[in-house]
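Engineer: This is the content of coords_13.tsv (TSV, C-alpha atoms and all ligand atoms):
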```tsv
chain	number	residue	atom	x	y	z
A	1	MET	CA	-206.29	-100.17	27.54
A	2	ILE	CA	-206.49	-101.05	23.81
A	3	ARG	CA	-202.70	-100.92	23.64
A	4	SER	CA	-202.51	-103.25	26.67
A	5	VAL	CA	-204.94	-105.73	25.07
A	6	LYS	CA	-202.95	-105.71	21.81
A	7	SER	CA	-199.71	-106.29	23.68
A	8	TYR	CA	-201.29	-109.13	25.72
A	9	ILE	CA	-202.63	-110.80	22.57
A	10	GLY	CA	-199.17	-110.45	21.01
A	11	LEU	CA	-197.57	-112.22	24.01
A	12	GLU	CA	-200.13	-115.03	23.89
A	13	ARG	CA	-199.60	-115.41	20.12
A	14	GLU	CA	-195.83	-115.69	20.64
A	15	SER	CA	-196.45	-118.55	23.06
A	16	GLY	CA	-198.58	-120.40	20.47
A	17	VAL	CA	-202.15	-119.29	21.34
A	18	GLU	CA	-204.14	-118.80	18.12
A	19	GLU	CA	-207.72	-118.24	19.24
A	20	PHE	CA	-209.45	-116.63	22.22
A	21	PHE	CA	-212.83	-117.74	23.52
A	22	SER	CA	-214.46	-115.84	26.31
A	23	THR	CA	-217.79	-115.74	28.07
A	24	GLU	CA	-216.62	-112.76	30.11
A	25	PRO	CA	-217.90	-109.29	29.39
A	26	ALA	CA	-215.47	-107.42	27.15
A	27	ALA	CA	-214.63	-104.87	29.84
A	28	ARG	CA	-213.53	-107.58	32.27
A	29	CYS	CA	-211.42	-109.24	29.55
A	30	ALA	CA	-209.73	-105.94	28.87
A	31	THR	CA	-209.02	-105.38	32.58
A	32	ASN	CA	-207.54	-108.88	32.92
A	33	ALA	CA	-205.40	-108.26	29.87
A	34	ALA	CA	-204.19	-104.94	31.26
A	35	ASP	CA	-203.32	-106.66	34.61
A	36	ALA	CA	-201.38	-109.35	32.76
A	37	VAL	CA	-199.35	-106.77	30.86
A	38	SER	CA	-198.65	-104.85	34.05
A	39	VAL	CA	-197.30	-108.02	35.77
A	40	ASP	CA	-194.94	-108.60	32.82
A	41	SER	CA	-193.67	-105.06	32.78
A	42	GLU	CA	-193.26	-104.78	36.58
A	43	LEU	CA	-191.39	-108.08	36.70
A	44	GLY	CA	-189.25	-107.02	33.74
A	45	ARG	CA	-188.39	-103.76	35.51
A	46	LEU	CA	-187.43	-105.60	38.71
A	47	LYS	CA	-185.35	-108.08	36.70
A	48	ARG	CA	-183.40	-105.26	35.05
A	49	GLU	CA	-182.78	-103.66	38.45
A	50	VAL	CA	-181.62	-106.91	40.05
A	51	SER	CA	-179.36	-107.73	37.09
A	52	GLU	CA	-177.25	-104.71	38.06
A	53	CYS	CA	-177.30	-105.35	41.80
A	54	HIS	CA	-174.05	-104.91	43.76
A	55	ALA	CA	-175.60	-104.94	47.24
A	56	CYS	CA	-173.39	-107.80	48.46
A	57	LYS	CA	-170.05	-109.29	47.51
A	58	LEU	CA	-171.58	-112.16	45.51
A	59	ALA	CA	-171.81	-109.63	42.66
A	60	LYS	CA	-168.02	-109.90	42.29
A	61	THR	CA	-167.94	-113.67	41.74
A	62	ARG	CA	-171.21	-114.36	39.89
A	63	LEU	CA	-171.28	-115.15	36.18
A	64	ASN	CA	-174.97	-114.34	35.87
A	65	VAL	CA	-177.75	-113.05	38.08
A	66	VAL	CA	-180.38	-115.81	38.35
A	67	PHE	CA	-183.57	-113.81	38.68
A	68	GLY	CA	-186.23	-116.49	38.25
A	69	ALA	CA	-188.17	-118.21	35.48
A	70	GLY	CA	-191.61	-119.49	34.60
A	71	ASN	CA	-195.11	-118.13	34.38
A	72	PRO	CA	-195.38	-114.68	36.01
A	73	ARG	CA	-199.11	-115.36	36.51
A	74	ALA	CA	-198.56	-118.77	38.13
A	75	GLY	CA	-200.70	-119.96	41.01
A	76	LEU	CA	-197.69	-121.79	42.43
A	77	MET	CA	-194.26	-120.29	43.08
A	78	PHE	CA	-191.22	-122.24	44.31
A	79	VAL	CA	-188.54	-120.39	46.26
A	80	GLY	CA	-185.21	-122.17	46.61
A	81	GLU	CA	-181.95	-121.21	48.28
A	82	ALA	CA	-179.40	-119.87	45.80
A	83	PRO	CA	-178.07	-120.65	42.32
A	84	GLY	CA	-175.47	-123.39	41.98
A	85	SER	CA	-172.76	-123.70	39.37
A	86	GLU	CA	-175.00	-124.69	36.43
A	87	GLU	CA	-177.59	-122.03	37.31
A	88	ASP	CA	-174.81	-119.42	37.51
A	89	LYS	CA	-173.58	-120.44	34.04
A	90	GLN	CA	-177.02	-120.45	32.42
A	91	GLY	CA	-178.65	-117.62	34.37
A	92	LEU	CA	-181.65	-119.89	35.06
A	93	PRO	CA	-182.90	-121.37	38.34
A	94	PHE	CA	-182.85	-125.09	39.10
A	95	VAL	CA	-181.22	-126.39	35.93
A	96	GLY	CA	-178.61	-128.64	37.62
A	97	ARG	CA	-179.16	-132.04	39.27
A	98	ALA	CA	-181.43	-130.67	42.02
A	99	GLY	CA	-183.34	-128.83	39.29
A	100	GLN	CA	-183.93	-132.04	37.35
A	101	LEU	CA	-185.47	-133.52	40.48
A	102	LEU	CA	-187.59	-130.39	40.99
A	103	THR	CA	-188.83	-130.74	37.39
A	104	LYS	CA	-189.86	-134.35	38.13
A	105	ILE	CA	-191.71	-133.22	41.28
A	106	ILE	CA	-193.55	-130.52	39.29
A	107	GLU	CA	-194.48	-133.02	36.57
A	108	ALA	CA	-195.69	-135.52	39.18
A	109	MET	CA	-198.15	-132.78	40.21
A	110	ASP	CA	-199.46	-132.79	36.61
A	111	LEU	CA	-197.89	-129.41	35.98
A	112	ARG	CA	-195.05	-128.25	33.74
A	113	ARG	CA	-192.18	-125.95	34.67
A	114	GLU	CA	-193.77	-123.32	32.44
A	115	ASP	CA	-196.94	-123.43	34.58
A	116	VAL	CA	-195.19	-122.42	37.80
A	117	TYR	CA	-192.71	-119.71	38.74
A	118	ILE	CA	-189.31	-120.73	40.11
A	119	ALA	CA	-187.02	-118.36	42.01
A	120	ASN	CA	-184.41	-118.36	44.73
A	121	LEU	CA	-183.84	-116.44	47.92
A	122	LEU	CA	-180.41	-115.32	46.67
A	123	LYS	CA	-180.09	-114.27	43.05
A	124	CYS	CA	-176.33	-114.86	42.87
A	125	ARG	CA	-174.25	-117.97	43.45
A	126	PRO	CA	-172.34	-118.27	46.73
A	127	PRO	CA	-168.79	-119.47	45.89
A	128	GLU	CA	-168.32	-123.27	46.18
A	129	ASN	CA	-172.09	-123.53	46.82
A	130	ARG	CA	-171.61	-122.62	50.47
A	131	PRO	CA	-174.76	-121.75	52.47
A	132	PRO	CA	-175.96	-118.13	52.18
A	133	LEU	CA	-174.53	-115.73	54.76
A	134	PRO	CA	-176.90	-113.60	56.88
A	135	GLU	CA	-175.71	-110.40	55.18
A	136	GLU	CA	-176.38	-111.91	51.72
A	137	ILE	CA	-179.91	-112.90	52.77
A	138	GLN	CA	-180.41	-109.42	54.17
A	139	ALA	CA	-179.19	-107.81	50.93
A	140	CYS	CA	-181.46	-109.97	48.73
A	141	ARG	CA	-184.64	-110.28	50.82
A	142	GLU	CA	-186.26	-107.17	49.31
A	143	ASN	CA	-185.77	-108.61	45.79
A	144	VAL	CA	-187.69	-111.78	46.59
A	145	ARG	CA	-190.32	-109.81	48.53
A	146	ARG	CA	-190.98	-107.60	45.50
A	147	GLN	CA	-190.93	-110.59	43.15
A	148	ILE	CA	-193.63	-112.31	45.24
A	149	ALA	CA	-195.66	-109.09	45.49
A	150	ILE	CA	-195.74	-108.80	41.68
A	151	ILE	CA	-196.50	-112.47	40.93
A	152	LYS	CA	-199.01	-112.82	43.79
A	153	PRO	CA	-199.13	-116.63	43.62
A	154	LYS	CA	-201.85	-118.51	45.45
A	155	VAL	CA	-199.29	-120.79	47.09
A	156	ILE	CA	-195.54	-120.49	47.74
A	157	CYS	CA	-193.56	-123.67	48.21
A	158	THR	CA	-190.32	-122.87	50.03
A	159	LEU	CA	-187.57	-125.38	49.33
A	160	GLY	CA	-185.32	-126.05	52.29
A	161	LYS	CA	-184.33	-124.30	55.46
A	162	PHE	CA	-183.08	-120.93	54.18
A	163	ALA	CA	-186.09	-119.87	52.10
A	164	SER	CA	-188.54	-121.27	54.66
A	165	GLN	CA	-186.93	-119.60	57.66
A	166	MET	CA	-186.47	-116.27	55.90
A	167	LEU	CA	-190.02	-115.95	54.55
A	168	LEU	CA	-191.60	-117.20	57.76
A	169	LYS	CA	-189.24	-115.21	60.01
A	170	THR	CA	-188.51	-118.23	62.18
A	171	GLU	CA	-185.58	-120.32	63.34
A	172	THR	CA	-187.67	-123.51	63.47
A	173	THR	CA	-185.99	-126.40	61.66
A	174	ILE	CA	-187.15	-127.43	58.19
A	175	GLY	CA	-187.94	-130.88	59.62
A	176	GLU	CA	-190.53	-129.26	61.88
A	177	LEU	CA	-191.78	-126.68	59.38
A	178	ARG	CA	-192.36	-128.96	56.41
A	179	GLY	CA	-195.81	-130.28	55.71
A	180	ASN	CA	-197.53	-127.47	57.62
A	181	LEU	CA	-199.27	-124.53	56.06
A	182	TYR	CA	-198.22	-120.98	56.93
A	183	GLU	CA	-198.90	-117.49	55.56
A	184	TYR	CA	-196.63	-114.83	54.11
A	185	GLU	CA	-198.28	-111.48	53.38
A	186	GLY	CA	-201.64	-113.20	52.89
A	187	ILE	CA	-200.21	-115.95	50.64
A	188	LYS	CA	-200.23	-119.61	51.70
A	189	VAL	CA	-196.75	-121.07	52.27
A	190	MET	CA	-195.88	-124.76	52.28
A	191	PRO	CA	-192.28	-125.43	53.32
A	192	THR	CA	-190.76	-128.68	52.13
A	193	TYR	CA	-187.37	-130.32	51.79
A	194	HIS	CA	-184.94	-128.96	49.22
A	195	PRO	CA	-184.43	-131.23	46.16
A	196	ALA	CA	-180.65	-131.25	46.85
A	197	TYR	CA	-181.42	-132.73	50.28
A	198	LEU	CA	-183.63	-135.34	48.57
A	199	LEU	CA	-180.74	-136.35	46.31
A	200	ARG	CA	-178.82	-137.24	49.49
A	201	ASN	CA	-181.85	-138.60	51.37
A	202	PRO	CA	-184.13	-140.24	48.77
A	203	HIS	CA	-186.21	-142.00	51.45
A	204	ASP	CA	-187.68	-138.57	52.35
A	205	LYS	CA	-189.15	-138.12	48.85
A	206	LYS	CA	-192.40	-139.60	50.14
A	207	LEU	CA	-192.73	-136.72	52.63
A	208	VAL	CA	-192.26	-134.16	49.86
A	209	TRP	CA	-194.87	-135.94	47.78
A	210	LYS	CA	-197.28	-135.64	50.73
A	211	ASP	CA	-196.58	-131.88	50.81
A	212	MET	CA	-197.13	-131.58	47.03
A	213	LYS	CA	-200.50	-133.30	47.32
A	214	LYS	CA	-201.54	-130.70	49.91
A	215	ILE	CA	-200.43	-127.93	47.54
A	216	LYS	CA	-202.39	-129.50	44.66
A	217	LYS	CA	-205.55	-129.33	46.77
A	218	LEU	CA	-204.97	-125.62	47.42
A	219	LEU	CA	-204.47	-124.69	43.79
B	301	LIG	N1	-180.48	-124.98	44.45
B	301	LIG	C1	-181.22	-123.89	44.66
B	301	LIG	O1	-181.64	-123.60	45.77
B	301	LIG	N2	-181.52	-123.15	43.62
B	301	LIG	C2	-181.13	-123.43	42.39
B	301	LIG	O2	-181.47	-122.67	41.48
B	301	LIG	C3	-180.37	-124.57	42.20
B	301	LIG	C4	-180.04	-125.34	43.23
```
Could you rewrite the structure in this file as structure tokens?
Ligand code: URA
Structural biologist:
Amino acid sequence: MIRSVKSYIGLERESGVEEFFSTEPAARCATNAADAVSVDSELGRLKREVSECHACKLAKTRLNVVFGAGNPRAGLMFVGEAPGSEEDKQGLPFVGRAGQLLTKIIEAMDLRREDVYIANLLKCRPPENRPPLPEEIQACRENVRRQIAIIKPKVICTLGKFASQMLLKTETTIGELRGNLYEYEGIKVMPTYHPAYLLRNPHDKKLVWKDMKKIKKLL
């Protein structure tokens, strides 16, 4: 446990934290610290596994596996569709045009990208940004399931049809799903429109903002 606490303090120090104040009993602090370290190491282990994945043919064309990024202890996790060209090059989720819009949405919620966790249903780019194929979703679904189980966010915001329909095991359209609250393995799920859709249909941004306000209340 002491080793876990030291390692946790080291991680916090690296991210700029200089002092700790706590009113919690020392034992509870130590347990929280140990939990935090275990989340980091479990997520790291999963990331290493996924980075060598060859379960579908996207492994042949990808430049990088885009595992996910952000705070592994976040209360809010976004799940998008699949990496695009820029994400494939950088190995990071939502860093292209749709990603810039997602960043603005997050900031409008008074959060920063570093406060949330951002991942995709597929971890590898489909060529020419075509929609994910059923066999690719099938091959990757266990990765996102395990990622969610480790992070255990309070709320998942699914972006667009593919992530929403896969997590909620439904064929209902995103137009009908969005704005309503669902559950996935005991975690609240709010489906909303994908930022790439909003780039083509900016008049629907107000609906997404409505959904974000509902999420804010839940956090
Ligand atoms: N669209 C997605 O669904 N995910 C990304 O990472 C980028 C664009």
Engineer: One number please: atom CA of Leu122 of chain A to atom CA of Arg62 of chain A, in Å, one decimal.
Structural biologist: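 Result for atom CA of Leu122 of chain A versus atom CA of Arg62 of chain A: 11.5 Å, one decimal.
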Engineer: Tell me, counting only C-alpha atoms and all ligand atoms, for each residue of chain A within 10 Å of ligand LIG 301 (chain B), which pair of atoms is nearest and how far apart they are in Å to one decimal, in rows ordered by chain and increasing number, as a tab-separated table.
Structural biologist:
```
residue	atom	partner	partner_atom	distance
A:Val66	CA	B:LIG301	O2	7.6
A:Phe67	CA	B:LIG301	O2	9.5
A:Gly68	CA	B:LIG301	O2	8.4
A:Phe78	CA	B:LIG301	N2	9.8
A:Val79	CA	B:LIG301	O1	7.6
A:Gly80	CA	B:LIG301	O1	3.9
A:Glu81	CA	B:LIG301	O1	3.5
A:Ala82	CA	B:LIG301	O1	4.4
A:Pro83	CA	B:LIG301	O2	4.0
A:Gly84	CA	B:LIG301	C3	5.0
A:Ser85	CA	B:LIG301	C3	8.2
A:Glu86	CA	B:LIG301	C3	7.9
A:Glu87	CA	B:LIG301	O2	5.7
A:Asp88	CA	B:LIG301	O2	8.4
A:Gly91	CA	B:LIG301	O2	9.2
A:Leu92	CA	B:LIG301	O2	7.0
A:Pro93	CA	B:LIG301	O2	3.7
A:Phe94	CA	B:LIG301	O2	3.7
A:Val95	CA	B:LIG301	C3	6.6
A:Gly96	CA	B:LIG301	C3	6.4
A:Arg97	CA	B:LIG301	C4	7.8
A:Ala98	CA	B:LIG301	C4	5.6
A:Gly99	CA	B:LIG301	C3	6.0
A:Gln100	CA	B:LIG301	C3	9.6
A:Leu102	CA	B:LIG301	C3	9.4
A:Ile118	CA	B:LIG301	O2	8.2
A:Ala119	CA	B:LIG301	O2	7.0
A:Asn120	CA	B:LIG301	N2	5.7
A:Leu121	CA	B:LIG301	O1	7.8
A:Leu122	CA	B:LIG301	O1	8.4
A:Lys123	CA	B:LIG301	O2	8.7
A:Cys124	CA	B:LIG301	O2	9.5
A:Arg125	CA	B:LIG301	O2	8.8
A:Asn129	CA	B:LIG301	N1	8.8
A:Pro131	CA	B:LIG301	O1	9.8
A:Thr158	CA	B:LIG301	O1	9.7
A:Leu159	CA	B:LIG301	O1	7.1
A:Gly160	CA	B:LIG301	O1	7.9
A:Phe162	CA	B:LIG301	O1	8.9
A:Ala163	CA	B:LIG301	O1	8.6
A:His194	CA	B:LIG301	O1	7.2
A:Pro195	CA	B:LIG301	N1	7.6
A:Ala196	CA	B:LIG301	N1	6.7
A:Tyr197	CA	B:LIG301	N1	9.7
```
Engineer: Those same residues - C-alpha atoms - I'd like them written as a PDB file, keeping the file's coordinate frame.
Structural biologist:
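Output file selection_9.pdb is given in full below:
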```pdb
ATOM      1  CA  VAL A  66    -180.380-115.810  38.350  1.00  0.00           C
ATOM      2  CA  PHE A  67    -183.570-113.810  38.680  1.00  0.00           C
ATOM      3  CA  GLY A  68    -186.230-116.490  38.250  1.00  0.00           C
ATOM      4  CA  PHE A  78    -191.220-122.240  44.310  1.00  0.00           C
ATOM      5  CA  VAL A  79    -188.540-120.390  46.260  1.00  0.00           C
ATOM      6  CA  GLY A  80    -185.210-122.170  46.610  1.00  0.00           C
ATOM      7  CA  GLU A  81    -181.950-121.210  48.280  1.00  0.00           C
ATOM      8  CA  ALA A  82    -179.400-119.870  45.800  1.00  0.00           C
ATOM      9  CA  PRO A  83    -178.070-120.650  42.320  1.00  0.00           C
ATOM     10  CA  GLY A  84    -175.470-123.390  41.980  1.00  0.00           C
ATOM     11  CA  SER A  85    -172.760-123.700  39.370  1.00  0.00           C
ATOM     12  CA  GLU A  86    -175.000-124.690  36.430  1.00  0.00           C
ATOM     13  CA  GLU A  87    -177.590-122.030  37.310  1.00  0.00           C
ATOM     14  CA  ASP A  88    -174.810-119.420  37.510  1.00  0.00           C
ATOM     15  CA  GLY A  91    -178.650-117.620  34.370  1.00  0.00           C
ATOM     16  CA  LEU A  92    -181.650-119.890  35.060  1.00  0.00           C
ATOM     17  CA  PRO A  93    -182.900-121.370  38.340  1.00  0.00           C
ATOM     18  CA  PHE A  94    -182.850-125.090  39.100  1.00  0.00           C
ATOM     19  CA  VAL A  95    -181.220-126.390  35.930  1.00  0.00           C
ATOM     20  CA  GLY A  96    -178.610-128.640  37.620  1.00  0.00           C
ATOM     21  CA  ARG A  97    -179.160-132.040  39.270  1.00  0.00           C
ATOM     22  CA  ALA A  98    -181.430-130.670  42.020  1.00  0.00           C
ATOM     23  CA  GLY A  99    -183.340-128.830  39.290  1.00  0.00           C
ATOM     24  CA  GLN A 100    -183.930-132.040  37.350  1.00  0.00           C
ATOM     25  CA  LEU A 102    -187.590-130.390  40.990  1.00  0.00           C
ATOM     26  CA  ILE A 118    -189.310-120.730  40.110  1.00  0.00           C
ATOM     27  CA  ALA A 119    -187.020-118.360  42.010  1.00  0.00           C
ATOM     28  CA  ASN A 120    -184.410-118.360  44.730  1.00  0.00           C
ATOM     29  CA  LEU A 121    -183.840-116.440  47.920  1.00  0.00           C
ATOM     30  CA  LEU A 122    -180.410-115.320  46.670  1.00  0.00           C
ATOM     31  CA  LYS A 123    -180.090-114.270  43.050  1.00  0.00           C
ATOM     32  CA  CYS A 124    -176.330-114.860  42.870  1.00  0.00           C
ATOM     33  CA  ARG A 125    -174.250-117.970  43.450  1.00  0.00           C
ATOM     34  CA  ASN A 129    -172.090-123.530  46.820  1.00  0.00           C
ATOM     35  CA  PRO A 131    -174.760-121.750  52.470  1.00  0.00           C
ATOM     36  CA  THR A 158    -190.320-122.870  50.030  1.00  0.00           C
ATOM     37  CA  LEU A 159    -187.570-125.380  49.330  1.00  0.00           C
ATOM     38  CA  GLY A 160    -185.320-126.050  52.290  1.00  0.00           C
ATOM     39  CA  PHE A 162    -183.080-120.930  54.180  1.00  0.00           C
ATOM     40  CA  ALA A 163    -186.090-119.870  52.100  1.00  0.00           C
ATOM     41  CA  HIS A 194    -184.940-128.960  49.220  1.00  0.00           C
ATOM     42  CA  PRO A 195    -184.430-131.230  46.160  1.00  0.00           C
ATOM     43  CA  ALA A 196    -180.650-131.250  46.850  1.00  0.00           C
ATOM     44  CA  TYR A 197    -181.420-132.730  50.280  1.00  0.00           C
TER      45      TYR A 197
END
```
Engineer: Go through A:Ala74, A:Ile105, A:Ala55, A:Leu43 and flag the residue nearest Trp209 of chain A, using all atoms listed in the file for the distances.
Structural biologist: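 Answer, going by the shortest atom-to-atom distance: A:Ile105.
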Engineer: What is the distance, in Å and to one decimal place, between atom CA of Lys47 of chain A and atom CA of Ile187 of chain A?
Structural biologist: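 Computed distance, atom CA of Lys47 of chain A to atom CA of Ile187 of chain A, equals 21.8 Å.
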Engineer: Find, counting all atoms listed in the file, the residue in A:Leu167, A:Cys157, A:Gly44, A:Lys206 that gets nearest to Val144 of chain A.
Structural biologist: A:Leu167
Engineer: Let me make sure I understand: among A:Gly70, A:Pro127, A:Gln147, A:Val37, which one has the smallest atom-to-atom distance to Arg112 of chain A if we use only C-alpha atoms?
Structural biologist: A:Gly70
Engineer: Would you compute the distance between atom CA of Met166 of chain A and atom CA of Arg146 of chain A? Give it in Å to one decimal.
Structural biologist: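 It comes out at 14.3 Å.
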